[in-house]
Amino acid sequence: MSDNKKISAAPSWLGLSEDRECYLFIPERAEVVRRIFELAIGGMGSYAIANYLDEKKVPTFTQSETWDHTTIDYMLRNRATYGEYQPKSFAGGHKKGIPNGPPVPNHYPAVIDRNTYETAQIARKQNLANRGRKGNELANIFAGLTTCAYCGNEVVLHRVTNIQVLACEQDLIGVGCSRTAWTYRDFEITLLAFFAHPALAERLQGGQKDKLTKLIDKIVDLSTNQERSYAVRVDIAVLLKEIVTKLIVHLAGDVST
């Protein structure tokens, strides 16, 4: 720090020098923060991300043994991740403080760039709008990718008695399309087998081929894991969104059967 003032605290992914005059970058924590933003941009909610980190046995930044969704949510909203500092006043008993003056750019060592932060905010809003509930399970690894071939609206996961199916959202709310059902389990098995087929990899080059190779490795992991690992399913969902922009689904059948 140019004014040599003592620093009293730092974001949880940063440390302080012994003289408390400058911030220290903690690489392993920075990598966790980047992964959290990557997962959020991939469509994962804070509950799902916390579950993922716990299953991967990623150490928390506190004394807690498990990740809490509120910690994830706060981190995703914290502009300090791209270096911005907001001075605050704690006068009048405000425990969290209130803004006091304009934000200060490039105050902290940035762990992500501004564009990544803004992209994550858009993804979070879309995720909350689409889910409307806690994301403790990752039942549909294709969420946000599937589109109805007949009307162009989103194809979503729907439960009929004890069976999960993919159905056109327009049909579910009774305002349009009638081509409605594909058993989710069959859809997942079919699509993952397609992505894992060697012929597809032969048609790709460079970064896309590398991503597909990683996806295939995860699909193999999933097929050999009898417990259908939650963390592996999250990895597959994120990789799919890096490779695929849209899956157009042709549906047929009565959603009630």
# chains A, B, ... in the order shown; residues from 1 in each chain; ligands from 1
$ select_by_dssp --residues "region 80-209 of chain A" --states "alpha helix (DSSP H)" --output "PyMOL selection string"
chain A and resi 114-131+169-172+184-196+198-202+206-209
$ residues_around --residues "Glu169 (chain A)" --least-positions-apart "2" --cutoff "12 Å" --atoms "only C-alpha atoms" --output "PDB file with all heavy atoms, in the first residue's frame"
ATOM      1  N   ASN A 130     -35.385 -19.639 -13.352  1.00  0.00           N
ATOM      2  CA  ASN A 130     -35.752 -20.950 -13.884  1.00  0.00           C
ATOM      3  C   ASN A 130     -36.052 -21.964 -12.795  1.00  0.00           C
ATOM      4  O   ASN A 130     -36.899 -22.840 -12.947  1.00  0.00           O
ATOM      5  CB  ASN A 130     -34.629 -21.493 -14.770  1.00  0.00           C
ATOM      6  CG  ASN A 130     -34.482 -20.708 -16.053  1.00  0.00           C
ATOM      7  OD1 ASN A 130     -35.421 -20.082 -16.514  1.00  0.00           O
ATOM      8  ND2 ASN A 130     -33.296 -20.731 -16.629  1.00  0.00           N
ATOM      9  N   THR A 146     -32.005 -27.475 -23.564  1.00  0.00           N
ATOM     10  CA  THR A 146     -33.020 -28.160 -24.367  1.00  0.00           C
ATOM     11  C   THR A 146     -34.140 -27.231 -24.818  1.00  0.00           C
ATOM     12  O   THR A 146     -34.732 -26.502 -24.016  1.00  0.00           O
ATOM     13  CB  THR A 146     -33.621 -29.333 -23.569  1.00  0.00           C
ATOM     14  OG1 THR A 146     -33.939 -28.901 -22.237  1.00  0.00           O
ATOM     15  CG2 THR A 146     -32.626 -30.483 -23.478  1.00  0.00           C
ATOM     16  N   THR A 147     -34.439 -27.295 -26.124  1.00  0.00           N
ATOM     17  CA  THR A 147     -35.470 -26.459 -26.739  1.00  0.00           C
ATOM     18  C   THR A 147     -36.412 -27.335 -27.556  1.00  0.00           C
ATOM     19  O   THR A 147     -35.976 -28.260 -28.252  1.00  0.00           O
ATOM     20  CB  THR A 147     -34.835 -25.400 -27.665  1.00  0.00           C
ATOM     21  OG1 THR A 147     -33.957 -24.581 -26.902  1.00  0.00           O
ATOM     22  CG2 THR A 147     -35.901 -24.540 -28.303  1.00  0.00           C
ATOM     23  N   CYS A 148     -37.705 -27.051 -27.489  1.00  0.00           N
ATOM     24  CA  CYS A 148     -38.704 -27.818 -28.225  1.00  0.00           C
ATOM     25  C   CYS A 148     -38.588 -27.546 -29.735  1.00  0.00           C
ATOM     26  O   CYS A 148     -38.576 -26.395 -30.166  1.00  0.00           O
ATOM     27  CB  CYS A 148     -40.104 -27.456 -27.738  1.00  0.00           C
ATOM     28  SG  CYS A 148     -41.428 -28.325 -28.615  1.00  0.00           S
ATOM     29  N   TYR A 150     -40.818 -28.072 -31.923  1.00  0.00           N
ATOM     30  CA  TYR A 150     -42.104 -27.713 -32.517  1.00  0.00           C
ATOM     31  C   TYR A 150     -42.497 -26.262 -32.268  1.00  0.00           C
ATOM     32  O   TYR A 150     -43.060 -25.615 -33.140  1.00  0.00           O
ATOM     33  CB  TYR A 150     -43.185 -28.654 -31.994  1.00  0.00           C
ATOM     34  CG  TYR A 150     -42.878 -30.103 -32.286  1.00  0.00           C
ATOM     35  CD1 TYR A 150     -42.344 -30.922 -31.305  1.00  0.00           C
ATOM     36  CD2 TYR A 150     -43.099 -30.656 -33.549  1.00  0.00           C
ATOM     37  CE1 TYR A 150     -42.027 -32.249 -31.556  1.00  0.00           C
ATOM     38  CE2 TYR A 150     -42.792 -31.978 -33.818  1.00  0.00           C
ATOM     39  CZ  TYR A 150     -42.257 -32.779 -32.822  1.00  0.00           C
ATOM     40  OH  TYR A 150     -41.933 -34.081 -33.079  1.00  0.00           O
ATOM     41  N   CYS A 151     -42.202 -25.752 -31.070  1.00  0.00           N
ATOM     42  CA  CYS A 151     -42.626 -24.375 -30.777  1.00  0.00           C
ATOM     43  C   CYS A 151     -41.481 -23.455 -30.376  1.00  0.00           C
ATOM     44  O   CYS A 151     -41.676 -22.249 -30.246  1.00  0.00           O
ATOM     45  CB  CYS A 151     -43.695 -24.379 -29.683  1.00  0.00           C
ATOM     46  SG  CYS A 151     -43.077 -24.886 -28.055  1.00  0.00           S
ATOM     47  N   GLY A 152     -40.286 -24.016 -30.143  1.00  0.00           N
ATOM     48  CA  GLY A 152     -39.129 -23.198 -29.835  1.00  0.00           C
ATOM     49  C   GLY A 152     -38.977 -22.808 -28.380  1.00  0.00           C
ATOM     50  O   GLY A 152     -38.018 -22.124 -28.018  1.00  0.00           O
ATOM     51  N   ASN A 153     -39.917 -23.230 -27.525  1.00  0.00           N
ATOM     52  CA  ASN A 153     -39.821 -22.912 -26.112  1.00  0.00           C
ATOM     53  C   ASN A 153     -38.948 -23.934 -25.378  1.00  0.00           C
ATOM     54  O   ASN A 153     -38.575 -24.968 -25.936  1.00  0.00           O
ATOM     55  CB  ASN A 153     -41.213 -22.847 -25.484  1.00  0.00           C
ATOM     56  CG  ASN A 153     -41.963 -21.596 -25.890  1.00  0.00           C
ATOM     57  OD1 ASN A 153     -41.704 -20.508 -25.405  1.00  0.00           O
ATOM     58  ND2 ASN A 153     -42.901 -21.746 -26.817  1.00  0.00           N
ATOM     59  N   GLU A 154     -38.652 -23.650 -24.109  1.00  0.00           N
ATOM     60  CA  GLU A 154     -37.742 -24.508 -23.350  1.00  0.00           C
ATOM     61  C   GLU A 154     -38.380 -25.854 -23.015  1.00  0.00           C
ATOM     62  O   GLU A 154     -39.575 -25.946 -22.733  1.00  0.00           O
ATOM     63  CB  GLU A 154     -37.323 -23.806 -22.053  1.00  0.00           C
ATOM     64  CG  GLU A 154     -36.253 -24.565 -21.274  1.00  0.00           C
ATOM     65  CD  GLU A 154     -35.784 -23.817 -20.038  1.00  0.00           C
ATOM     66  OE1 GLU A 154     -36.336 -22.737 -19.750  1.00  0.00           O
ATOM     67  OE2 GLU A 154     -34.857 -24.321 -19.367  1.00  0.00           O
ATOM     68  N   VAL A 155     -37.563 -26.884 -23.060  1.00  0.00           N
ATOM     69  CA  VAL A 155     -37.965 -28.215 -22.617  1.00  0.00           C
ATOM     70  C   VAL A 155     -37.425 -28.394 -21.200  1.00  0.00           C
ATOM     71  O   VAL A 155     -36.223 -28.232 -20.966  1.00  0.00           O
ATOM     72  CB  VAL A 155     -37.403 -29.313 -23.551  1.00  0.00           C
ATOM     73  CG1 VAL A 155     -37.641 -30.696 -22.959  1.00  0.00           C
ATOM     74  CG2 VAL A 155     -38.060 -29.211 -24.921  1.00  0.00           C
ATOM     75  N   VAL A 156     -38.300 -28.702 -20.255  1.00  0.00           N
ATOM     76  CA  VAL A 156     -37.916 -28.742 -18.846  1.00  0.00           C
ATOM     77  C   VAL A 156     -38.196 -30.108 -18.233  1.00  0.00           C
ATOM     78  O   VAL A 156     -38.942 -30.918 -18.785  1.00  0.00           O
ATOM     79  CB  VAL A 156     -38.673 -27.657 -18.045  1.00  0.00           C
ATOM     80  CG1 VAL A 156     -38.311 -26.270 -18.551  1.00  0.00           C
ATOM     81  CG2 VAL A 156     -40.180 -27.880 -18.121  1.00  0.00           C
ATOM     82  N   LEU A 157     -37.612 -30.325 -17.055  1.00  0.00           N
ATOM     83  CA  LEU A 157     -37.819 -31.581 -16.336  1.00  0.00           C
ATOM     84  C   LEU A 157     -39.156 -31.534 -15.608  1.00  0.00           C
ATOM     85  O   LEU A 157     -39.488 -30.550 -14.956  1.00  0.00           O
ATOM     86  CB  LEU A 157     -36.686 -31.806 -15.342  1.00  0.00           C
ATOM     87  CG  LEU A 157     -36.571 -33.206 -14.733  1.00  0.00           C
ATOM     88  CD1 LEU A 157     -36.189 -34.220 -15.806  1.00  0.00           C
ATOM     89  CD2 LEU A 157     -35.525 -33.210 -13.621  1.00  0.00           C
ATOM     90  N   HIS A 158     -39.915 -32.613 -15.717  1.00  0.00           N
ATOM     91  CA  HIS A 158     -41.238 -32.684 -15.110  1.00  0.00           C
ATOM     92  C   HIS A 158     -41.434 -34.079 -14.525  1.00  0.00           C
ATOM     93  O   HIS A 158     -41.025 -35.075 -15.137  1.00  0.00           O
ATOM     94  CB  HIS A 158     -42.317 -32.396 -16.165  1.00  0.00           C
ATOM     95  CG  HIS A 158     -43.715 -32.507 -15.654  1.00  0.00           C
ATOM     96  ND1 HIS A 158     -44.243 -31.638 -14.731  1.00  0.00           N
ATOM     97  CD2 HIS A 158     -44.709 -33.396 -15.958  1.00  0.00           C
ATOM     98  CE1 HIS A 158     -45.504 -31.973 -14.480  1.00  0.00           C
ATOM     99  NE2 HIS A 158     -45.790 -33.035 -15.213  1.00  0.00           N
ATOM    100  N   VAL A 165     -39.695 -36.864 -16.680  1.00  0.00           N
ATOM    101  CA  VAL A 165     -39.713 -36.741 -18.132  1.00  0.00           C
ATOM    102  C   VAL A 165     -39.294 -35.329 -18.527  1.00  0.00           C
ATOM    103  O   VAL A 165     -39.363 -34.391 -17.721  1.00  0.00           O
ATOM    104  CB  VAL A 165     -41.118 -37.032 -18.712  1.00  0.00           C
ATOM    105  CG1 VAL A 165     -41.569 -38.437 -18.359  1.00  0.00           C
ATOM    106  CG2 VAL A 165     -42.133 -35.990 -18.224  1.00  0.00           C
ATOM    107  N   LEU A 166     -38.853 -35.191 -19.767  1.00  0.00           N
ATOM    108  CA  LEU A 166     -38.608 -33.879 -20.345  1.00  0.00           C
ATOM    109  C   LEU A 166     -39.856 -33.479 -21.111  1.00  0.00           C
ATOM    110  O   LEU A 166     -40.381 -34.259 -21.915  1.00  0.00           O
ATOM    111  CB  LEU A 166     -37.397 -33.918 -21.273  1.00  0.00           C
ATOM    112  CG  LEU A 166     -36.042 -34.049 -20.588  1.00  0.00           C
ATOM    113  CD1 LEU A 166     -34.946 -34.263 -21.621  1.00  0.00           C
ATOM    114  CD2 LEU A 166     -35.729 -32.828 -19.736  1.00  0.00           C
ATOM    115  N   ALA A 167     -40.342 -32.286 -20.872  1.00  0.00           N
ATOM    116  CA  ALA A 167     -41.581 -31.842 -21.500  1.00  0.00           C
ATOM    117  C   ALA A 167     -41.479 -30.380 -21.901  1.00  0.00           C
ATOM    118  O   ALA A 167     -40.779 -29.594 -21.268  1.00  0.00           O
ATOM    119  CB  ALA A 167     -42.751 -32.040 -20.542  1.00  0.00           C
ATOM    120  N   ASP A 171     -46.605 -26.739 -23.084  1.00  0.00           N
ATOM    121  CA  ASP A 171     -47.637 -27.741 -22.867  1.00  0.00           C
ATOM    122  C   ASP A 171     -47.966 -27.880 -21.382  1.00  0.00           C
ATOM    123  O   ASP A 171     -49.127 -28.064 -21.002  1.00  0.00           O
ATOM    124  CB  ASP A 171     -47.183 -29.091 -23.433  1.00  0.00           C
ATOM    125  CG  ASP A 171     -48.242 -30.174 -23.258  1.00  0.00           C
ATOM    126  OD1 ASP A 171     -49.375 -29.969 -23.720  1.00  0.00           O
ATOM    127  OD2 ASP A 171     -47.933 -31.203 -22.646  1.00  0.00           O
ATOM    128  N   LEU A 172     -46.948 -27.780 -20.542  1.00  0.00           N
ATOM    129  CA  LEU A 172     -47.157 -27.948 -19.102  1.00  0.00           C
ATOM    130  C   LEU A 172     -48.053 -26.860 -18.519  1.00  0.00           C
ATOM    131  O   LEU A 172     -48.786 -27.095 -17.560  1.00  0.00           O
ATOM    132  CB  LEU A 172     -45.813 -27.965 -18.373  1.00  0.00           C
ATOM    133  CG  LEU A 172     -44.918 -29.182 -18.640  1.00  0.00           C
ATOM    134  CD1 LEU A 172     -43.596 -29.038 -17.892  1.00  0.00           C
ATOM    135  CD2 LEU A 172     -45.620 -30.473 -18.226  1.00  0.00           C
ATOM    136  N   ILE A 173     -47.988 -25.667 -19.091  1.00  0.00           N
ATOM    137  CA  ILE A 173     -48.848 -24.592 -18.583  1.00  0.00           C
ATOM    138  C   ILE A 173     -50.139 -24.477 -19.394  1.00  0.00           C
ATOM    139  O   ILE A 173     -50.949 -23.591 -19.164  1.00  0.00           O
ATOM    140  CB  ILE A 173     -48.109 -23.237 -18.566  1.00  0.00           C
ATOM    141  CG1 ILE A 173     -47.659 -22.832 -19.975  1.00  0.00           C
ATOM    142  CG2 ILE A 173     -46.915 -23.304 -17.633  1.00  0.00           C
ATOM    143  CD1 ILE A 173     -46.983 -21.455 -20.026  1.00  0.00           C
ATOM    144  N   GLY A 174     -50.316 -25.397 -20.352  1.00  0.00           N
ATOM    145  CA  GLY A 174     -51.574 -25.491 -21.085  1.00  0.00           C
ATOM    146  C   GLY A 174     -51.852 -24.391 -22.074  1.00  0.00           C
ATOM    147  O   GLY A 174     -53.011 -24.037 -22.303  1.00  0.00           O
ATOM    148  N   VAL A 175     -50.808 -23.843 -22.701  1.00  0.00           N
ATOM    149  CA  VAL A 175     -51.069 -22.733 -23.631  1.00  0.00           C
ATOM    150  C   VAL A 175     -50.580 -23.010 -25.048  1.00  0.00           C
ATOM    151  O   VAL A 175     -50.570 -22.112 -25.879  1.00  0.00           O
ATOM    152  CB  VAL A 175     -50.404 -21.429 -23.122  1.00  0.00           C
ATOM    153  CG1 VAL A 175     -51.021 -20.987 -21.822  1.00  0.00           C
ATOM    154  CG2 VAL A 175     -48.890 -21.613 -22.999  1.00  0.00           C
ATOM    155  N   GLY A 176     -50.157 -24.255 -25.324  1.00  0.00           N
ATOM    156  CA  GLY A 176     -49.659 -24.451 -26.682  1.00  0.00           C
ATOM    157  C   GLY A 176     -49.288 -25.873 -27.012  1.00  0.00           C
ATOM    158  O   GLY A 176     -50.117 -26.772 -26.993  1.00  0.00           O
ATOM    159  N   CYS A 177     -48.036 -26.059 -27.314  1.00  0.00           N
ATOM    160  CA  CYS A 177     -47.482 -27.295 -27.868  1.00  0.00           C
ATOM    161  C   CYS A 177     -48.021 -28.560 -27.191  1.00  0.00           C
ATOM    162  O   CYS A 177     -48.205 -28.609 -25.987  1.00  0.00           O
ATOM    163  CB  CYS A 177     -45.965 -27.256 -27.743  1.00  0.00           C
ATOM    164  SG  CYS A 177     -45.145 -28.570 -28.629  1.00  0.00           S
ATOM    165  N   SER A 178     -48.282 -29.598 -27.996  1.00  0.00           N
ATOM    166  CA  SER A 178     -48.824 -30.835 -27.442  1.00  0.00           C
ATOM    167  C   SER A 178     -47.874 -32.022 -27.577  1.00  0.00           C
ATOM    168  O   SER A 178     -48.187 -33.120 -27.163  1.00  0.00           O
ATOM    169  CB  SER A 178     -50.151 -31.188 -28.133  1.00  0.00           C
ATOM    170  OG  SER A 178     -49.942 -31.385 -29.519  1.00  0.00           O
ATOM    171  N   ARG A 179     -46.729 -31.798 -28.204  1.00  0.00           N
ATOM    172  CA  ARG A 179     -45.740 -32.877 -28.324  1.00  0.00           C
ATOM    173  C   ARG A 179     -44.903 -32.856 -27.052  1.00  0.00           C
ATOM    174  O   ARG A 179     -44.016 -32.040 -26.906  1.00  0.00           O
ATOM    175  CB  ARG A 179     -44.847 -32.630 -29.545  1.00  0.00           C
ATOM    176  CG  ARG A 179     -45.603 -32.263 -30.798  1.00  0.00           C
ATOM    177  CD  ARG A 179     -46.118 -33.501 -31.505  1.00  0.00           C
ATOM    178  NE  ARG A 179     -46.814 -33.144 -32.724  1.00  0.00           N
ATOM    179  CZ  ARG A 179     -46.927 -33.936 -33.761  1.00  0.00           C
ATOM    180  NH1 ARG A 179     -46.400 -35.143 -33.728  1.00  0.00           N
ATOM    181  NH2 ARG A 179     -47.594 -33.556 -34.827  1.00  0.00           N
ATOM    182  N   THR A 180     -45.139 -33.783 -26.131  1.00  0.00           N
ATOM    183  CA  THR A 180     -44.747 -33.441 -24.767  1.00  0.00           C
ATOM    184  C   THR A 180     -43.779 -34.290 -23.978  1.00  0.00           C
ATOM    185  O   THR A 180     -43.272 -33.796 -22.989  1.00  0.00           O
ATOM    186  CB  THR A 180     -46.021 -33.356 -23.912  1.00  0.00           C
ATOM    187  OG1 THR A 180     -46.754 -34.561 -24.072  1.00  0.00           O
ATOM    188  CG2 THR A 180     -46.867 -32.181 -24.304  1.00  0.00           C
ATOM    189  N   ALA A 181     -43.522 -35.550 -24.282  1.00  0.00           N
ATOM    190  CA  ALA A 181     -42.785 -36.331 -23.292  1.00  0.00           C
ATOM    191  C   ALA A 181     -41.618 -37.141 -23.830  1.00  0.00           C
ATOM    192  O   ALA A 181     -41.693 -37.713 -24.914  1.00  0.00           O
ATOM    193  CB  ALA A 181     -43.749 -37.267 -22.573  1.00  0.00           C
ATOM    194  N   LEU A 251     -40.202 -34.080 -29.318  1.00  0.00           N
ATOM    195  CA  LEU A 251     -40.934 -34.817 -28.299  1.00  0.00           C
ATOM    196  C   LEU A 251     -42.230 -35.396 -28.859  1.00  0.00           C
ATOM    197  O   LEU A 251     -42.829 -34.833 -29.774  1.00  0.00           O
ATOM    198  CB  LEU A 251     -41.263 -33.897 -27.116  1.00  0.00           C
ATOM    199  CG  LEU A 251     -40.067 -33.250 -26.430  1.00  0.00           C
ATOM    200  CD1 LEU A 251     -40.526 -32.173 -25.467  1.00  0.00           C
ATOM    201  CD2 LEU A 251     -39.231 -34.279 -25.712  1.00  0.00           C
ATOM    202  N   VAL A 255     -47.911 -36.318 -21.845  1.00  0.00           N
ATOM    203  CA  VAL A 255     -47.144 -36.084 -20.634  1.00  0.00           C
ATOM    204  C   VAL A 255     -47.775 -36.737 -19.418  1.00  0.00           C
ATOM    205  O   VAL A 255     -47.121 -36.960 -18.403  1.00  0.00           O
ATOM    206  CB  VAL A 255     -46.945 -34.572 -20.398  1.00  0.00           C
ATOM    207  CG1 VAL A 255     -48.242 -33.943 -19.929  1.00  0.00           C
ATOM    208  CG2 VAL A 255     -45.832 -34.313 -19.386  1.00  0.00           C
TER     209      VAL A 255
END
$ select_by_dssp --residues "region 14-212 of chain A" --states "strand (DSSP E or B)" --output "PyMOL selection string"
chain A and resi 14-16+23-25+85+88-89+98-99+104+146-148+154-160+163-168+182-183
$ write_last_selection --atoms "N, CA, C and O atoms" --output "short mmCIF file (atom, residue, chain, number, x, y, z; two decimals), in the first residue's frame"
data_model
loop_
_atom_site.label_atom_id
_atom_site.label_comp_id
_atom_site.auth_asym_id
_atom_site.auth_seq_id
_atom_site.Cartn_x
_atom_site.Cartn_y
_atom_site.Cartn_z
N LEU A 14 -7.66 -13.86 0.15
CA LEU A 14 -6.41 -13.12 0.19
C LEU A 14 -5.82 -13.17 1.59
O LEU A 14 -6.53 -13.32 2.59
N GLY A 15 -4.50 -13.04 1.67
CA GLY A 15 -3.82 -12.96 2.95
C GLY A 15 -3.19 -11.58 3.12
O GLY A 15 -3.33 -10.70 2.24
N LEU A 16 -2.51 -11.38 4.24
CA LEU A 16 -1.84 -10.11 4.51
C LEU A 16 -0.36 -10.36 4.78
O LEU A 16 0.03 -11.40 5.30
N TYR A 23 -1.63 -6.81 0.50
CA TYR A 23 -2.35 -8.07 0.38
C TYR A 23 -1.46 -9.14 -0.27
O TYR A 23 -0.60 -8.82 -1.10
N LEU A 24 -1.69 -10.37 0.11
CA LEU A 24 -0.97 -11.49 -0.47
C LEU A 24 -1.94 -12.41 -1.20
O LEU A 24 -3.01 -12.74 -0.68
N PHE A 25 -1.58 -12.79 -2.38
CA PHE A 25 -2.41 -13.68 -3.18
C PHE A 25 -2.26 -15.11 -2.66
O PHE A 25 -1.15 -15.58 -2.42
N TYR A 85 -13.03 -2.10 -4.30
CA TYR A 85 -13.24 -1.90 -2.85
C TYR A 85 -14.27 -0.80 -2.63
O TYR A 85 -14.18 0.29 -3.23
N LYS A 88 -16.83 1.92 3.50
CA LYS A 88 -18.09 1.89 4.25
C LYS A 88 -17.97 2.65 5.55
O LYS A 88 -16.87 2.79 6.11
N SER A 89 -19.10 3.12 6.03
CA SER A 89 -19.18 3.78 7.33
C SER A 89 -19.97 2.88 8.28
O SER A 89 -21.00 2.32 7.90
N ILE A 98 -22.46 0.98 5.72
CA ILE A 98 -23.17 1.54 4.58
C ILE A 98 -22.14 2.22 3.66
O ILE A 98 -21.10 2.70 4.13
N PRO A 99 -22.38 2.22 2.33
CA PRO A 99 -21.41 2.81 1.40
C PRO A 99 -21.04 4.24 1.79
O PRO A 99 -21.90 5.05 2.13
N VAL A 104 -13.57 1.97 -5.10
CA VAL A 104 -12.17 2.16 -5.49
C VAL A 104 -11.74 0.98 -6.36
O VAL A 104 -11.68 -0.15 -5.88
N THR A 146 -32.00 -27.47 -23.56
CA THR A 146 -33.02 -28.16 -24.37
C THR A 146 -34.14 -27.23 -24.82
O THR A 146 -34.73 -26.50 -24.02
N THR A 147 -34.44 -27.29 -26.12
CA THR A 147 -35.47 -26.46 -26.74
C THR A 147 -36.41 -27.33 -27.56
O THR A 147 -35.98 -28.26 -28.25
N CYS A 148 -37.71 -27.05 -27.49
CA CYS A 148 -38.70 -27.82 -28.22
C CYS A 148 -38.59 -27.55 -29.74
O CYS A 148 -38.58 -26.40 -30.17
N GLU A 154 -38.65 -23.65 -24.11
CA GLU A 154 -37.74 -24.51 -23.35
C GLU A 154 -38.38 -25.85 -23.01
O GLU A 154 -39.58 -25.95 -22.73
N VAL A 155 -37.56 -26.88 -23.06
CA VAL A 155 -37.96 -28.21 -22.62
C VAL A 155 -37.43 -28.39 -21.20
O VAL A 155 -36.22 -28.23 -20.97
N VAL A 156 -38.30 -28.70 -20.25
CA VAL A 156 -37.92 -28.74 -18.85
C VAL A 156 -38.20 -30.11 -18.23
O VAL A 156 -38.94 -30.92 -18.79
N LEU A 157 -37.61 -30.32 -17.05
CA LEU A 157 -37.82 -31.58 -16.34
C LEU A 157 -39.16 -31.53 -15.61
O LEU A 157 -39.49 -30.55 -14.96
N HIS A 158 -39.91 -32.61 -15.72
CA HIS A 158 -41.24 -32.68 -15.11
C HIS A 158 -41.43 -34.08 -14.52
O HIS A 158 -41.03 -35.07 -15.14
N ARG A 159 -42.01 -34.16 -13.34
CA ARG A 159 -42.23 -35.47 -12.71
C ARG A 159 -43.67 -35.92 -12.90
O ARG A 159 -44.61 -35.18 -12.60
N VAL A 160 -43.82 -37.13 -13.39
CA VAL A 160 -45.13 -37.77 -13.55
C VAL A 160 -45.12 -39.01 -12.68
O VAL A 160 -44.40 -39.97 -13.00
N ILE A 163 -41.87 -41.03 -12.27
CA ILE A 163 -41.03 -40.96 -13.46
C ILE A 163 -40.74 -39.51 -13.82
O ILE A 163 -41.65 -38.68 -13.83
N GLN A 164 -39.48 -39.23 -14.13
CA GLN A 164 -39.11 -37.89 -14.58
C GLN A 164 -39.06 -37.87 -16.11
O GLN A 164 -38.46 -38.75 -16.73
N VAL A 165 -39.70 -36.86 -16.68
CA VAL A 165 -39.71 -36.74 -18.13
C VAL A 165 -39.29 -35.33 -18.53
O VAL A 165 -39.36 -34.39 -17.72
N LEU A 166 -38.85 -35.19 -19.77
CA LEU A 166 -38.61 -33.88 -20.35
C LEU A 166 -39.86 -33.48 -21.11
O LEU A 166 -40.38 -34.26 -21.91
N ALA A 167 -40.34 -32.29 -20.87
CA ALA A 167 -41.58 -31.84 -21.50
C ALA A 167 -41.48 -30.38 -21.90
O ALA A 167 -40.78 -29.59 -21.27
N CYS A 168 -42.20 -30.02 -22.95
CA CYS A 168 -42.24 -28.63 -23.39
C CYS A 168 -42.97 -27.79 -22.34
O CYS A 168 -44.08 -28.13 -21.92
N TRP A 182 -40.54 -37.17 -23.05
CA TRP A 182 -39.40 -38.04 -23.30
C TRP A 182 -38.86 -38.41 -21.92
O TRP A 182 -38.47 -37.55 -21.15
N THR A 183 -38.86 -39.69 -21.57
CA THR A 183 -38.37 -40.12 -20.28
C THR A 183 -36.93 -39.63 -20.08
O THR A 183 -36.07 -39.89 -20.92
#
$ residues_around --residues "Asp210 (chain A)" --least-positions-apart "6" --cutoff "10 Å" --atoms "only C-alpha atoms" --output "PDB file with all heavy atoms, in the first residue's frame"
ATOM      1  N   ALA A 201     -15.697 -36.985 -31.785  1.00  0.00           N
ATOM      2  CA  ALA A 201     -14.399 -36.388 -31.464  1.00  0.00           C
ATOM      3  C   ALA A 201     -13.560 -36.166 -32.713  1.00  0.00           C
ATOM      4  O   ALA A 201     -12.790 -35.195 -32.810  1.00  0.00           O
ATOM      5  CB  ALA A 201     -13.647 -37.277 -30.478  1.00  0.00           C
ATOM      6  N   LEU A 204     -14.020 -32.726 -34.421  1.00  0.00           N
ATOM      7  CA  LEU A 204     -13.658 -31.504 -33.702  1.00  0.00           C
ATOM      8  C   LEU A 204     -12.154 -31.319 -33.665  1.00  0.00           C
ATOM      9  O   LEU A 204     -11.390 -32.276 -33.796  1.00  0.00           O
ATOM     10  CB  LEU A 204     -14.214 -31.553 -32.276  1.00  0.00           C
ATOM     11  CG  LEU A 204     -15.732 -31.675 -32.140  1.00  0.00           C
ATOM     12  CD1 LEU A 204     -16.130 -31.744 -30.674  1.00  0.00           C
ATOM     13  CD2 LEU A 204     -16.435 -30.513 -32.823  1.00  0.00           C
ATOM     14  N   ILE A 216     -15.946 -36.783 -22.174  1.00  0.00           N
ATOM     15  CA  ILE A 216     -15.989 -38.241 -22.325  1.00  0.00           C
ATOM     16  C   ILE A 216     -15.425 -38.932 -21.091  1.00  0.00           C
ATOM     17  O   ILE A 216     -15.986 -39.929 -20.605  1.00  0.00           O
ATOM     18  CB  ILE A 216     -15.208 -38.672 -23.586  1.00  0.00           C
ATOM     19  CG1 ILE A 216     -15.941 -38.182 -24.843  1.00  0.00           C
ATOM     20  CG2 ILE A 216     -15.038 -40.187 -23.632  1.00  0.00           C
ATOM     21  CD1 ILE A 216     -15.165 -38.393 -26.133  1.00  0.00           C
TER      22      ILE A 216
END
$ residues_around --residues "region 50-57 of chain A" --least-positions-apart "3" --cutoff "10 Å" --atoms "only C-alpha atoms" --output "PyMOL selection string"
chain A and resi 32+35-36+39+44-47+60+65-73+135-137+229-235
$ write_last_selection --atoms "C-alpha atoms" --output "short mmCIF file (atom, residue, chain, number, x, y, z; two decimals), in the first residue's frame"
data_model
loop_
_atom_site.label_atom_id
_atom_site.label_comp_id
_atom_site.auth_asym_id
_atom_site.auth_seq_id
_atom_site.Cartn_x
_atom_site.Cartn_y
_atom_site.Cartn_z
CA VAL A 32 -11.51 -22.22 -5.76
CA ARG A 35 -14.19 -22.57 -9.98
CA ILE A 36 -17.18 -21.20 -8.08
CA LEU A 39 -19.97 -23.29 -11.90
CA MET A 44 -25.39 -23.97 -10.87
CA GLY A 45 -27.06 -22.38 -7.85
CA SER A 46 -25.32 -21.65 -4.54
CA TYR A 47 -26.76 -24.79 -2.87
CA THR A 60 -13.43 -24.09 3.17
CA GLU A 65 -15.93 -28.46 7.67
CA THR A 66 -18.58 -27.86 5.01
CA TRP A 67 -19.43 -25.11 2.54
CA ASP A 68 -22.51 -23.01 3.18
CA HIS A 69 -24.68 -21.70 0.36
CA THR A 70 -24.73 -18.20 1.90
CA THR A 71 -20.93 -18.07 1.67
CA ILE A 72 -21.10 -19.03 -1.99
CA ASP A 73 -23.81 -16.48 -2.69
CA GLY A 135 -30.88 -26.47 -5.96
CA ASN A 136 -29.86 -29.39 -3.75
CA GLU A 137 -30.09 -31.94 -6.55
CA SER A 229 -21.64 -39.13 -8.20
CA TYR A 230 -23.14 -35.68 -7.74
CA ALA A 231 -19.80 -33.97 -8.42
CA VAL A 232 -19.31 -35.86 -11.68
CA ARG A 233 -22.80 -34.84 -12.85
CA VAL A 234 -21.97 -31.20 -12.08
CA ASP A 235 -18.76 -31.46 -14.11
#
